[in-house]
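Asker: data.txt is reproduced in full below (compact mmCIF, C-alpha atoms).
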```txt
# COMPACT_ATOMS: atom_id res chain seq x y z
CA MET A 1 -23.04 -3.73 -4.08
CA ASN A 2 -22.94 -6.05 -7.10
CA GLU A 3 -26.48 -5.22 -8.24
CA VAL A 4 -25.86 -1.49 -8.00
CA LEU A 5 -22.65 -1.77 -10.00
CA VAL A 6 -24.20 -4.01 -12.66
CA LYS A 7 -27.13 -1.63 -13.18
CA LYS A 8 -24.73 1.28 -13.54
CA PHE A 9 -22.51 -0.71 -15.91
CA GLU A 10 -25.44 -1.62 -18.16
CA LYS A 11 -26.72 1.96 -18.15
CA LEU A 12 -23.31 3.25 -19.23
CA PHE A 13 -22.10 0.53 -21.58
CA GLY A 14 -25.27 -1.36 -22.53
CA ALA A 15 -26.58 -4.77 -21.55
CA GLY A 16 -25.47 -8.14 -22.87
CA GLY A 17 -22.24 -10.08 -22.93
CA GLU A 18 -20.50 -11.56 -19.91
CA ILE A 19 -19.95 -8.94 -17.23
CA ARG A 20 -17.36 -10.18 -14.75
CA ALA A 21 -16.88 -8.80 -11.23
CA TYR A 22 -13.66 -8.55 -9.22
CA PHE A 23 -12.40 -7.16 -5.93
CA ALA A 24 -8.88 -6.16 -4.85
CA PRO A 25 -8.25 -4.91 -1.30
CA GLY A 26 -6.28 -2.01 0.03
CA ARG A 27 -3.70 -2.72 2.69
CA VAL A 28 -2.37 -1.41 5.94
CA ASN A 29 1.22 -2.03 6.89
CA LEU A 30 1.52 -2.90 10.57
CA ILE A 31 5.27 -2.32 10.58
CA GLY A 32 8.14 -2.22 8.09
CA GLU A 33 7.85 1.15 6.34
CA HIS A 34 10.13 2.22 3.48
CA THR A 35 11.95 -1.10 3.74
CA ASP A 36 10.39 -2.74 0.69
CA TYR A 37 12.67 -1.04 -1.84
CA ASN A 38 15.64 -1.42 0.52
CA GLY A 39 15.63 -5.21 0.49
CA GLY A 40 14.04 -5.55 3.91
CA HIS A 41 10.95 -7.09 5.46
CA VAL A 42 7.42 -5.72 5.59
CA PHE A 43 4.38 -6.84 7.54
CA PRO A 44 1.17 -5.74 5.80
CA CYS A 45 -2.31 -7.16 5.82
CA ALA A 46 -5.13 -6.82 3.30
CA LEU A 47 -8.25 -4.94 4.34
CA THR A 48 -11.93 -5.45 3.65
CA LEU A 49 -11.80 -1.97 2.07
CA GLY A 50 -10.73 -1.97 -1.55
CA THR A 51 -11.66 -1.58 -5.21
CA TYR A 52 -14.55 -3.30 -6.96
CA GLY A 53 -14.50 -3.67 -10.72
CA LEU A 54 -16.78 -4.87 -13.48
CA ALA A 55 -15.27 -5.74 -16.84
CA ARG A 56 -16.57 -7.00 -20.19
CA LYS A 57 -14.45 -7.82 -23.18
CA ARG A 58 -15.05 -6.01 -26.44
CA GLU A 59 -14.78 -7.16 -30.04
CA ASP A 60 -12.51 -4.22 -30.93
CA ARG A 61 -9.46 -2.67 -29.26
CA ARG A 62 -11.26 0.25 -27.61
CA LEU A 63 -10.99 0.88 -23.87
CA ARG A 64 -13.81 2.56 -21.98
CA PHE A 65 -13.37 3.43 -18.31
CA TYR A 66 -15.77 4.80 -15.73
CA SER A 67 -15.24 5.42 -12.02
CA MET A 68 -18.17 5.81 -9.66
CA ASN A 69 -15.79 7.78 -7.43
CA PHE A 70 -15.24 10.39 -10.16
CA PRO A 71 -18.58 10.55 -12.00
CA GLU A 72 -17.83 14.10 -13.13
CA ASN A 73 -15.18 12.66 -15.49
CA GLY A 74 -17.75 10.56 -17.33
CA ILE A 75 -16.56 7.74 -19.59
CA ILE A 76 -12.88 8.06 -20.44
CA GLU A 77 -11.93 6.40 -23.71
CA SER A 78 -8.63 5.08 -24.97
CA SER A 79 -7.28 2.20 -27.05
CA LEU A 80 -4.90 -0.71 -26.69
CA ASP A 81 -3.02 0.91 -29.58
CA ASP A 82 -2.44 4.11 -27.60
CA LEU A 83 -1.17 3.06 -24.17
CA ARG A 84 0.76 6.04 -22.86
CA PRO A 85 0.52 8.10 -19.68
CA GLU A 86 -1.46 11.32 -20.11
CA ALA A 87 -2.26 13.93 -17.49
CA GLU A 88 -5.79 14.29 -18.81
CA ALA A 89 -6.34 10.52 -18.47
CA GLY A 90 -6.39 10.90 -14.68
CA TRP A 91 -7.00 7.69 -12.73
CA THR A 92 -7.15 5.59 -15.91
CA ASN A 93 -3.36 5.83 -16.17
CA TYR A 94 -3.22 3.07 -13.53
CA PRO A 95 -5.20 0.41 -15.43
CA LYS A 96 -3.63 1.55 -18.71
CA GLY A 97 -0.23 1.14 -17.09
CA VAL A 98 -0.99 -2.47 -16.19
CA MET A 99 -2.15 -3.17 -19.75
CA TRP A 100 1.09 -1.66 -21.00
CA ALA A 101 3.05 -3.84 -18.54
CA PHE A 102 1.24 -6.98 -19.72
CA GLU A 103 2.34 -6.21 -23.27
CA LYS A 104 5.91 -5.47 -22.16
CA TYR A 105 6.04 -8.87 -20.41
CA GLY A 106 4.83 -10.62 -23.56
CA HIS A 107 1.17 -11.12 -22.63
CA LYS A 108 -0.62 -9.97 -25.76
CA LEU A 109 -3.98 -8.31 -25.21
CA THR A 110 -6.23 -9.10 -28.14
CA CYS A 111 -9.38 -7.17 -27.29
CA GLY A 112 -10.48 -4.00 -25.56
CA VAL A 113 -12.62 -3.81 -22.46
CA ASP A 114 -15.41 -1.84 -20.83
CA PHE A 115 -14.35 -1.23 -17.24
CA LEU A 116 -16.30 0.21 -14.30
CA VAL A 117 -14.72 0.65 -10.89
CA TYR A 118 -15.80 1.71 -7.44
CA GLY A 119 -13.46 2.04 -4.47
CA ASP A 120 -14.30 2.43 -0.79
CA ILE A 121 -10.69 3.21 0.18
CA PRO A 122 -10.67 6.88 1.24
CA ASN A 123 -8.90 8.93 -1.44
CA GLY A 124 -5.43 10.09 -0.41
CA SER A 125 -5.45 7.96 2.74
CA GLY A 126 -2.26 6.04 1.95
CA LEU A 127 -4.06 2.68 2.09
CA SER A 128 -2.95 1.83 -1.46
CA SER A 129 -5.92 2.59 -3.66
CA SER A 130 -3.58 2.76 -6.68
CA ALA A 131 -2.07 -0.67 -6.01
CA SER A 132 -5.55 -2.06 -5.44
CA LEU A 133 -6.65 -0.72 -8.82
CA GLU A 134 -3.54 -2.13 -10.50
CA VAL A 135 -4.08 -5.57 -9.01
CA LEU A 136 -7.78 -5.47 -9.93
CA THR A 137 -6.86 -4.66 -13.52
CA GLY A 138 -4.27 -7.42 -13.70
CA LEU A 139 -6.71 -9.99 -12.33
CA ALA A 140 -9.38 -8.94 -14.83
CA LEU A 141 -6.95 -9.02 -17.78
CA LYS A 142 -5.67 -12.46 -16.82
CA ASP A 143 -9.22 -13.78 -16.51
CA ILE A 144 -10.76 -12.15 -19.59
CA HIS A 145 -7.85 -13.07 -21.86
CA GLY A 146 -7.46 -16.57 -20.42
CA ILE A 147 -3.74 -16.06 -19.73
CA GLU A 148 -2.38 -19.23 -18.17
CA GLY A 149 0.49 -19.49 -15.72
CA LEU A 150 0.28 -16.01 -14.19
CA THR A 151 0.59 -16.34 -10.42
CA GLY A 152 -0.49 -13.86 -7.78
CA GLN A 153 3.14 -12.87 -7.35
CA ASP A 154 3.37 -12.23 -11.10
CA LEU A 155 0.39 -9.87 -10.90
CA ALA A 156 2.08 -8.01 -8.04
CA VAL A 157 5.27 -7.64 -10.07
CA LEU A 158 3.33 -6.41 -13.12
CA GLY A 159 1.50 -3.84 -10.99
CA GLN A 160 4.74 -2.58 -9.48
CA TYR A 161 6.40 -2.45 -12.90
CA ALA A 162 3.51 -0.38 -14.24
CA GLU A 163 3.62 2.08 -11.35
CA ASN A 164 7.41 2.45 -11.61
CA ASN A 165 7.76 2.71 -15.36
CA PHE A 166 4.42 3.97 -16.66
CA ASN A 167 3.28 6.25 -13.85
CA GLY A 168 6.72 7.27 -12.58
CA MET A 169 6.25 6.35 -8.91
CA ASN A 170 9.32 4.42 -7.79
CA CYS A 171 7.46 2.25 -5.26
CA GLY A 172 8.46 -1.13 -3.87
CA ILE A 173 6.52 -4.39 -4.18
CA MET A 174 4.66 -4.37 -0.85
CA ASP A 175 1.37 -2.71 -1.78
CA GLN A 176 0.62 -4.85 -4.82
CA PHE A 177 1.84 -8.01 -3.09
CA ALA A 178 -0.42 -7.46 -0.08
CA SER A 179 -3.41 -6.76 -2.31
CA VAL A 180 -2.94 -9.98 -4.29
CA MET A 181 -1.70 -12.32 -1.59
CA GLY A 182 -3.70 -11.19 1.44
CA ARG A 183 -5.36 -13.82 3.61
CA LYS A 184 -8.29 -13.25 5.93
CA GLY A 185 -7.16 -12.97 9.54
CA SER A 186 -3.43 -12.95 8.73
CA ALA A 187 -0.67 -10.48 7.99
CA ILE A 188 2.10 -11.24 5.50
CA PHE A 189 5.70 -11.38 6.69
CA LEU A 190 7.43 -10.68 3.38
CA ASP A 191 11.11 -10.57 2.53
CA THR A 192 10.99 -8.04 -0.29
CA ASN A 193 14.44 -9.04 -1.52
CA THR A 194 13.54 -12.67 -2.22
CA LEU A 195 9.69 -12.50 -2.18
CA LYS A 196 9.70 -15.33 0.35
CA TYR A 197 6.77 -14.89 2.68
CA GLU A 198 4.89 -16.41 5.59
CA TYR A 199 1.41 -15.79 6.91
CA ALA A 200 1.11 -14.77 10.53
CA PRO A 201 -2.34 -14.97 12.14
CA VAL A 202 -3.33 -11.61 13.60
CA LYS A 203 -4.94 -12.81 16.83
CA LEU A 204 -6.36 -9.83 18.67
CA PRO A 205 -9.03 -11.27 20.98
CA GLU A 206 -8.91 -8.23 23.25
CA ALA A 207 -7.89 -5.53 20.74
CA ARG A 208 -8.78 -4.00 17.38
CA ILE A 209 -6.84 -2.38 14.56
CA VAL A 210 -7.89 1.25 14.20
CA ILE A 211 -6.84 3.33 11.19
CA THR A 212 -6.99 7.09 11.64
CA ASN A 213 -7.13 9.21 8.50
CA SER A 214 -5.52 12.63 8.97
CA LYS A 215 -7.46 13.91 5.93
CA VAL A 216 -4.32 15.69 4.74
CA LYS A 217 -1.93 14.82 1.96
CA HIS A 218 0.99 17.12 1.31
CA SER A 219 1.91 17.73 -2.30
CA LEU A 220 5.57 16.75 -1.93
CA VAL A 221 4.78 13.08 -1.35
CA GLY A 222 5.67 11.89 -4.86
CA SER A 223 8.94 13.75 -5.26
CA ALA A 224 9.99 13.20 -1.64
CA TYR A 225 9.32 9.46 -1.95
CA ASN A 226 11.66 9.25 -4.92
CA ASP A 227 14.21 11.43 -3.06
CA ARG A 228 14.22 8.98 -0.14
CA ARG A 229 14.80 6.10 -2.49
CA ASN A 230 17.71 7.87 -4.18
CA GLU A 231 19.25 8.78 -0.80
CA SER A 232 18.98 5.16 0.34
CA GLU A 233 20.58 3.94 -2.87
CA GLN A 234 23.49 6.35 -2.41
CA ALA A 235 23.99 5.10 1.15
CA LEU A 236 24.04 1.53 -0.14
CA LYS A 237 26.69 2.38 -2.76
CA ASP A 238 28.89 3.94 -0.07
CA LEU A 239 28.50 0.93 2.24
CA GLN A 240 29.25 -1.53 -0.56
CA LYS A 241 32.77 -0.10 -0.71
CA VAL A 242 33.50 -1.50 2.74
CA VAL A 243 31.09 -4.40 3.30
CA ASP A 244 29.79 -7.18 1.02
CA ILE A 245 26.03 -6.54 0.82
CA GLN A 246 23.39 -6.43 -1.90
CA THR A 247 20.79 -4.37 -0.02
CA LEU A 248 20.50 -2.36 3.19
CA GLY A 249 18.28 -5.18 4.44
CA ASP A 250 21.36 -7.41 4.59
CA LEU A 251 22.71 -5.46 7.56
CA THR A 252 22.17 -5.95 11.26
CA GLU A 253 22.21 -2.91 13.54
CA GLU A 254 25.67 -3.87 14.80
CA VAL A 255 27.23 -4.18 11.34
CA PHE A 256 25.63 -0.90 10.27
CA GLU A 257 27.03 0.93 13.29
CA GLU A 258 30.47 -0.50 12.56
CA HIS A 259 30.50 0.74 8.96
CA LYS A 260 28.15 3.75 8.89
CA ALA A 261 31.03 6.22 8.64
CA ALA A 262 31.48 5.04 5.04
CA ILE A 263 28.29 6.93 4.16
CA GLU A 264 29.65 10.37 3.40
CA ASP A 265 26.41 12.36 3.35
CA GLN A 266 24.77 12.83 6.76
CA VAL A 267 21.24 12.77 5.33
CA CYS A 268 21.93 9.53 3.45
CA ARG A 269 23.33 8.06 6.66
CA LYS A 270 20.09 8.82 8.50
CA ARG A 271 18.05 7.22 5.70
CA ALA A 272 20.19 4.08 5.86
CA LYS A 273 19.89 3.91 9.63
CA HIS A 274 16.12 3.87 9.35
CA ALA A 275 16.14 1.18 6.65
CA VAL A 276 18.42 -1.10 8.68
CA TYR A 277 16.81 -0.60 12.08
CA GLU A 278 13.26 -0.75 10.69
CA ASN A 279 13.99 -4.04 9.00
CA GLN A 280 15.28 -5.53 12.25
CA ARG A 281 12.28 -4.09 14.13
CA THR A 282 9.95 -5.78 11.68
CA ILE A 283 11.62 -9.16 12.18
CA LYS A 284 11.40 -8.75 15.96
CA ALA A 285 7.77 -7.59 15.78
CA TYR A 286 6.83 -10.62 13.66
CA ASN A 287 8.45 -12.93 16.21
CA ALA A 288 6.63 -11.14 19.03
CA LEU A 289 3.27 -11.57 17.32
CA LYS A 290 3.95 -15.27 16.79
CA VAL A 291 4.08 -15.73 20.58
CA ASN A 292 1.16 -13.32 21.17
CA ASP A 293 3.35 -10.69 22.84
CA LEU A 294 1.25 -7.70 21.81
CA ASP A 295 2.96 -5.34 24.25
CA ALA A 296 6.31 -5.95 22.56
CA PHE A 297 4.71 -5.59 19.14
CA GLY A 298 3.27 -2.23 20.20
CA LYS A 299 6.66 -0.97 21.39
CA TYR A 300 8.17 -1.82 18.01
CA MET A 301 5.34 0.08 16.29
CA ASN A 302 6.06 3.15 18.42
CA ALA A 303 9.79 2.96 17.73
CA SER A 304 9.02 2.65 14.03
CA HIS A 305 7.20 5.97 14.07
CA VAL A 306 10.04 7.73 15.86
CA SER A 307 12.46 6.50 13.21
CA LEU A 308 10.15 7.51 10.35
CA ARG A 309 9.77 10.94 11.92
CA ASP A 310 13.40 11.62 12.83
CA ASP A 311 15.64 9.54 10.55
CA TYR A 312 13.58 9.05 7.39
CA GLU A 313 11.69 12.32 7.80
CA VAL A 314 8.50 11.23 6.06
CA SER A 315 6.03 12.17 8.75
CA CYS A 316 4.35 15.58 9.09
CA GLU A 317 2.86 17.75 11.80
CA GLU A 318 -0.66 16.34 11.50
CA ILE A 319 0.45 12.71 11.64
CA ASP A 320 2.72 13.40 14.60
CA VAL A 321 -0.20 14.98 16.45
CA LEU A 322 -2.32 11.86 15.86
CA VAL A 323 0.44 9.56 17.08
CA ASP A 324 1.29 11.67 20.13
CA LEU A 325 -2.39 11.77 21.11
CA ALA A 326 -2.66 7.99 20.70
CA TRP A 327 0.44 7.28 22.79
CA ASN A 328 -1.12 9.13 25.73
CA ILE A 329 -4.41 7.24 25.78
CA PRO A 330 -4.76 4.23 28.13
CA GLY A 331 -5.46 1.05 26.21
CA VAL A 332 -3.37 1.95 23.14
CA ILE A 333 -0.87 -0.86 22.60
CA GLY A 334 0.99 0.84 19.75
CA SER A 335 0.54 3.56 17.12
CA ARG A 336 2.51 4.75 14.11
CA MET A 337 2.20 6.38 10.73
CA THR A 338 1.56 3.95 7.90
CA GLY A 339 2.11 4.32 4.17
CA GLY A 340 4.41 6.60 2.20
CA GLY A 341 4.06 9.55 4.57
CA PHE A 342 3.47 13.31 4.47
CA GLY A 343 -0.14 12.78 5.48
CA GLY A 344 -2.46 9.85 5.07
CA CYS A 345 -3.11 7.54 7.99
CA THR A 346 -1.88 6.17 11.26
CA VAL A 347 -2.44 2.58 12.38
CA SER A 348 -3.04 1.79 16.04
CA ILE A 349 -3.70 -1.38 18.01
CA VAL A 350 -6.23 -0.49 20.68
CA LYS A 351 -7.78 -2.59 23.40
CA LYS A 352 -11.44 -3.23 22.65
CA ASP A 353 -12.75 -1.45 25.73
CA ALA A 354 -10.73 1.64 24.81
CA VAL A 355 -11.72 1.99 21.14
CA GLU A 356 -14.62 4.35 21.79
CA SER A 357 -12.59 6.65 24.04
CA PHE A 358 -9.67 6.48 21.58
CA ILE A 359 -11.85 7.76 18.75
CA ASP A 360 -13.37 10.47 20.94
CA MET A 361 -10.13 11.71 22.48
CA VAL A 362 -7.96 11.55 19.35
CA GLY A 363 -10.69 13.15 17.27
CA LYS A 364 -11.15 16.02 19.73
CA GLY A 365 -7.44 16.59 20.29
CA TYR A 366 -6.67 16.52 16.57
CA ARG A 367 -9.42 19.03 15.85
CA GLU A 368 -8.15 21.38 18.54
CA GLN A 369 -4.51 21.18 17.48
CA THR A 370 -4.81 21.20 13.69
CA GLY A 371 -8.31 22.37 12.77
CA HIS A 372 -8.84 19.17 10.75
CA GLU A 373 -11.43 16.46 11.24
CA ALA A 374 -9.98 12.95 11.44
CA GLU A 375 -11.78 9.85 10.17
CA PHE A 376 -11.58 6.50 11.94
CA TYR A 377 -11.91 2.97 10.56
CA VAL A 378 -12.02 -0.02 12.88
CA VAL A 379 -10.89 -2.59 10.34
CA ASP A 380 -10.83 -6.30 9.74
CA VAL A 381 -8.08 -8.24 7.96
CA GLY A 382 -9.49 -9.36 4.63
CA GLU A 383 -8.85 -11.63 1.65
CA GLY A 384 -6.61 -10.89 -1.29
CA ALA A 385 -7.83 -10.07 -4.79
CA HIS A 386 -10.43 -12.41 -6.24
CA ARG A 387 -13.21 -12.75 -8.77
CA ILE A 388 -16.67 -12.24 -7.34
CA CYS A 389 -19.25 -14.81 -8.40
```
Using the file provided, produce a representation of the structure as structure tokens.
Answerer:
Amino acid sequence: MNEVLVKKFEKLFGAGGEIRAYFAPGRVNLIGEHTDYNGGHVFPCALTLGTYGLARKREDRRLRFYSMNFPENGIIESSLDDLRPEAEAGWTNYPKGVMWAFEKYGHKLTCGVDFLVYGDIPNGSGLSSSASLEVLTGLALKDIHGIEGLTGQDLAVLGQYAENNFNGMNCGIMDQFASVMGRKGSAIFLDTNTLKYEYAPVKLPEARIVITNSKVKHSLVGSAYNDRRNESEQALKDLQKVVDIQTLGDLTEEVFEEHKAAIEDQVCRKRAKHAVYENQRTIKAYNALKVNDLDAFGKYMNASHVSLRDDYEVSCEEIDVLVDLAWNIPGVIGSRMTGGGFGGCTVSIVKKDAVESFIDMVGKGYREQTGHEAEFYVVDVGEGAHRIC
């Protein structure tokens, strides 16, 4: 991969100078969906799929971007003196947003960059290609500019800040955090309220993680995501009138049930119920995995999907078909939607001897019921973002 990218880089931008290579992974969240902006826990792991990038510093302040995934766009040019979101800038708004965030946080960028990227995360899959690109950019900027003292957590915060305030997507911290802090063979049990985290080895000697891409992405995902966040925030404000909490993640199921009547709007009440119960499910699932109780972990995954479908209402017909098919196949330990919703992917834990039949049966059933072709990835848990020698 490196040689191919270097040759393309030199053809586009010319040879010479120090060309540096980086990789930032995508992520899959095993459980803990839409809890990260509600002060709860998440349980993602980094993948071996992700975004590769080559970068070389310039002597001026020009920015030149090229994506091997969108060759029809050619080289897109900008400048450090003109960092603003533009519809015509397309995918480059993500790296530009991180550059803007660096400046906002007081990290002065003194030179432009030539930047080539290639991602093997399927577009629109919900496996966090945007967060991967943001983390990749942050890592490259830190390295090229020799910025000392920036931790992995800092890069995650900068990426989230850029996506929230430059690109207008009001996401939580999980995606960027998982991309930076991922560890091979382990998931991250992260308290999004405090950013305290622990690594939990994902020991699946008799099973595999299978991601199923629905190949659909409904257009309302961006606006609906922000709607869900606003509804959750309204529920929190109502609850704070009767109970001393900072986030929905502070509540147990019992305390929520005791005070839920304080949430005046029925829709907001459903959103809060998901946030509270999903957080507690994630804690229980983490504890189950620690003692290798995969069956319990799978049951929590299944319950997570039901809640996302019924209470948070971020699933869709195609994803529900995939999950229902999975639940009825022998050897499937658990299956749920993963990511923001309204399309994208499901994540399933499948016994090794059932993976082939899982792919065959889910693929056939999905085709018959929706007319779409699903894609399947039997994935490994990979390392977080790093420079490639």
Asker: At what distance in Å, to one decimal, does CA of Gly339 in chain A lie from CA of Gly182 in chain A?
Answerer: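 Those two atoms sit 16.8 Å apart.
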Asker: What separation in Å, quoted to one decimal, exists between CA of Gln153 in chain A and CA of Gln176 in chain A?
Answerer: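 Atom-to-atom, CA of Gln153 in chain A to CA of Gln176 in chain A, that is 8.8 Å.
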Asker: I'd like the contact shell of Val28 in chain A - 7 Å cut-off, only C-alpha atoms, skipping same-chain residues fewer than 3 positions apart - returned as a list in words.
Answerer: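 The residues that qualify are Pro44, Cys45, Ala46, Leu127 and Thr338 of chain A.
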Asker: Which residues, written as a PyMOL selection string, have at least one atom at most 10 Å from range 322-325 of chain A, with only C-alpha atoms counted and residues fewer than 6 positions away on the same chain left out?
Answerer: chain A and resi 212-214+302+305-306+334-337+345-348+358+361-366+369-370+374
Asker: Quick one: residues within 10 Å of Lys284 in chain A, all atoms listed in the file counted, chain neighbours fewer than 4 positions away excluded, as a list of chain:residue names?
Answerer: A:Glu278, A:Asn279, A:Gln280, A:Ala288, A:Leu289, A:Lys290, A:Ala296, A:Phe297, A:Tyr300
Asker: Please compute the CA of Gly119 in chain A-CA of Gly50 in chain A distance, one decimal, in Å.
Answerer: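 According to the coordinates, CA of Gly119 in chain A and CA of Gly50 in chain A are separated by 5.7 Å.
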Asker: With 12 Å as the cut-off and all atoms listed in the file counted, what is the closest atom pair between each nearby residue of range 222-274 of chain A and range 164-169 of chain A? Distances in Å to one decimal, ordered by chain and number, as a Markdown table.
Answerer:
```
| residue | atom | partner | partner_atom | distance |
| --- | --- | --- | --- | --- |
| A:Gly222 | CA | A:Met169 | CA | 6.9 |
| A:Ser223 | CA | A:Met169 | CA | 8.7 |
| A:Ala224 | CA | A:Met169 | CA | 10.7 |
| A:Tyr225 | CA | A:Met169 | CA | 8.2 |
| A:Asn226 | CA | A:Met169 | CA | 7.3 |
| A:Asp227 | CA | A:Met169 | CA | 11.1 |
| A:Arg229 | CA | A:Met169 | CA | 10.7 |
```
Asker: Extract, using all atoms listed in the file, all DNA, RNA and protein residues at most 12 Å from Tyr312 in chain A, discarding same-chain residues fewer than 2 positions from it, and format them as a ChimeraX atom specification.
Answerer: /A:33-35,224-225,227-229,231-232,266-278,304-310,314-316,340-342
Asker: Could you dump the residues just selected with C-alpha atoms as a short mmCIF file (atom, residue, chain, number, x, y, z; two decimals), in the coordinates of the input?
Answerer:
```cif
data_model
loop_
_atom_site.label_atom_id
_atom_site.label_comp_id
_atom_site.auth_asym_id
_atom_site.auth_seq_id
_atom_site.Cartn_x
_atom_site.Cartn_y
_atom_site.Cartn_z
CA GLU A 33 7.85 1.15 6.34
CA HIS A 34 10.13 2.22 3.48
CA THR A 35 11.95 -1.10 3.74
CA ALA A 224 9.99 13.20 -1.64
CA TYR A 225 9.32 9.46 -1.95
CA ASP A 227 14.21 11.43 -3.06
CA ARG A 228 14.22 8.98 -0.14
CA ARG A 229 14.80 6.10 -2.49
CA GLU A 231 19.25 8.78 -0.80
CA SER A 232 18.98 5.16 0.34
CA GLN A 266 24.77 12.83 6.76
CA VAL A 267 21.24 12.77 5.33
CA CYS A 268 21.93 9.53 3.45
CA ARG A 269 23.33 8.06 6.66
CA LYS A 270 20.09 8.82 8.50
CA ARG A 271 18.05 7.22 5.70
CA ALA A 272 20.19 4.08 5.86
CA LYS A 273 19.89 3.91 9.63
CA HIS A 274 16.12 3.87 9.35
CA ALA A 275 16.14 1.18 6.65
CA VAL A 276 18.42 -1.10 8.68
CA TYR A 277 16.81 -0.60 12.08
CA GLU A 278 13.26 -0.75 10.69
CA SER A 304 9.02 2.65 14.03
CA HIS A 305 7.20 5.97 14.07
CA VAL A 306 10.04 7.73 15.86
CA SER A 307 12.46 6.50 13.21
CA LEU A 308 10.15 7.51 10.35
CA ARG A 309 9.77 10.94 11.92
CA ASP A 310 13.40 11.62 12.83
CA VAL A 314 8.50 11.23 6.06
CA SER A 315 6.03 12.17 8.75
CA CYS A 316 4.35 15.58 9.09
CA GLY A 340 4.41 6.60 2.20
CA GLY A 341 4.06 9.55 4.57
CA PHE A 342 3.47 13.31 4.47
#
```
Asker: Just checking: using only C-alpha atoms, which residue out of A:Ala140, A:Val202, A:Leu49, A:Ile349 ends up closest to Ser179 in chain A?
Answerer: A:Leu49
Asker: Which residue gives the smallest distance to Asn2 in chain A among A:Pro201, A:Asn292, A:Leu54, A:Arg27, with all atoms listed in the file counted?
Answerer: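 Answer, going by the shortest atom-to-atom distance: A:Leu54.
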Asker: Can you tell me which residues surround Glu198 in chain A at a distance of at most 10 Å, considering all atoms listed in the file, apart from same-chain residues fewer than 5 positions away, and format the answer as a PDB file with C-alpha atoms, in the frame of the given file?
Answerer:
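Ended up saving to around18.pdb:
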```
ATOM      1  CA  PHE A  43       4.380  -6.840   7.540  1.00  0.00           C
ATOM      2  CA  SER A 186      -3.430 -12.950   8.730  1.00  0.00           C
ATOM      3  CA  ALA A 187      -0.670 -10.480   7.990  1.00  0.00           C
ATOM      4  CA  ILE A 188       2.100 -11.240   5.500  1.00  0.00           C
ATOM      5  CA  PHE A 189       5.700 -11.380   6.690  1.00  0.00           C
ATOM      6  CA  LEU A 190       7.430 -10.680   3.380  1.00  0.00           C
ATOM      7  CA  ASP A 191      11.110 -10.570   2.530  1.00  0.00           C
TER       8      ASP A 191
END
```
Asker: Against range 129-138 of chain A, which residues of range 67-118 of chain A fall within 8 Å? For each one I want the closest pair of atoms and the distance in Å (one decimal), counting all atoms listed in the file, rows by chain and increasing residue number, as CSV.
Answerer:
```
residue,atom,partner,partner_atom,distance
A:Tyr94,CA,A:Glu134,CA,6.0
A:Pro95,CA,A:Thr137,CA,5.7
A:Val98,CA,A:Glu134,CA,6.2
A:Met99,CA,A:Gly138,CA,7.7
```
Asker: Just checking: using only C-alpha atoms, which residue out of A:Glu383, A:Glu18, A:Glu253, A:Glu163 ends up closest to Ile144 in chain A?
Answerer: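 The closest residue to Ile144 in chain A is A:Glu18.
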Asker: Which one of A:Thr48, A:Lys203, A:Ala21, A:Phe102 sits closest to Val157 in chain A if you count all atoms listed in the file?
Answerer: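 Closest residue, counting all atoms listed in the file: A:Phe102.
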Asker: Return the single residue from A:His259, A:Lys104, A:Lys57, A:Lys217 that is closest to Asn123 in chain A, with distances computed using all atoms listed in the file.
Answerer: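 Of all the options, A:Lys217 lies closest to Asn123 in chain A.
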Asker: Between A:Leu248, A:Val350, A:Ala178, A:Ile173, single out the one closest to Asp36 in chain A, counting only C-alpha atoms.
Answerer: A:Ile173
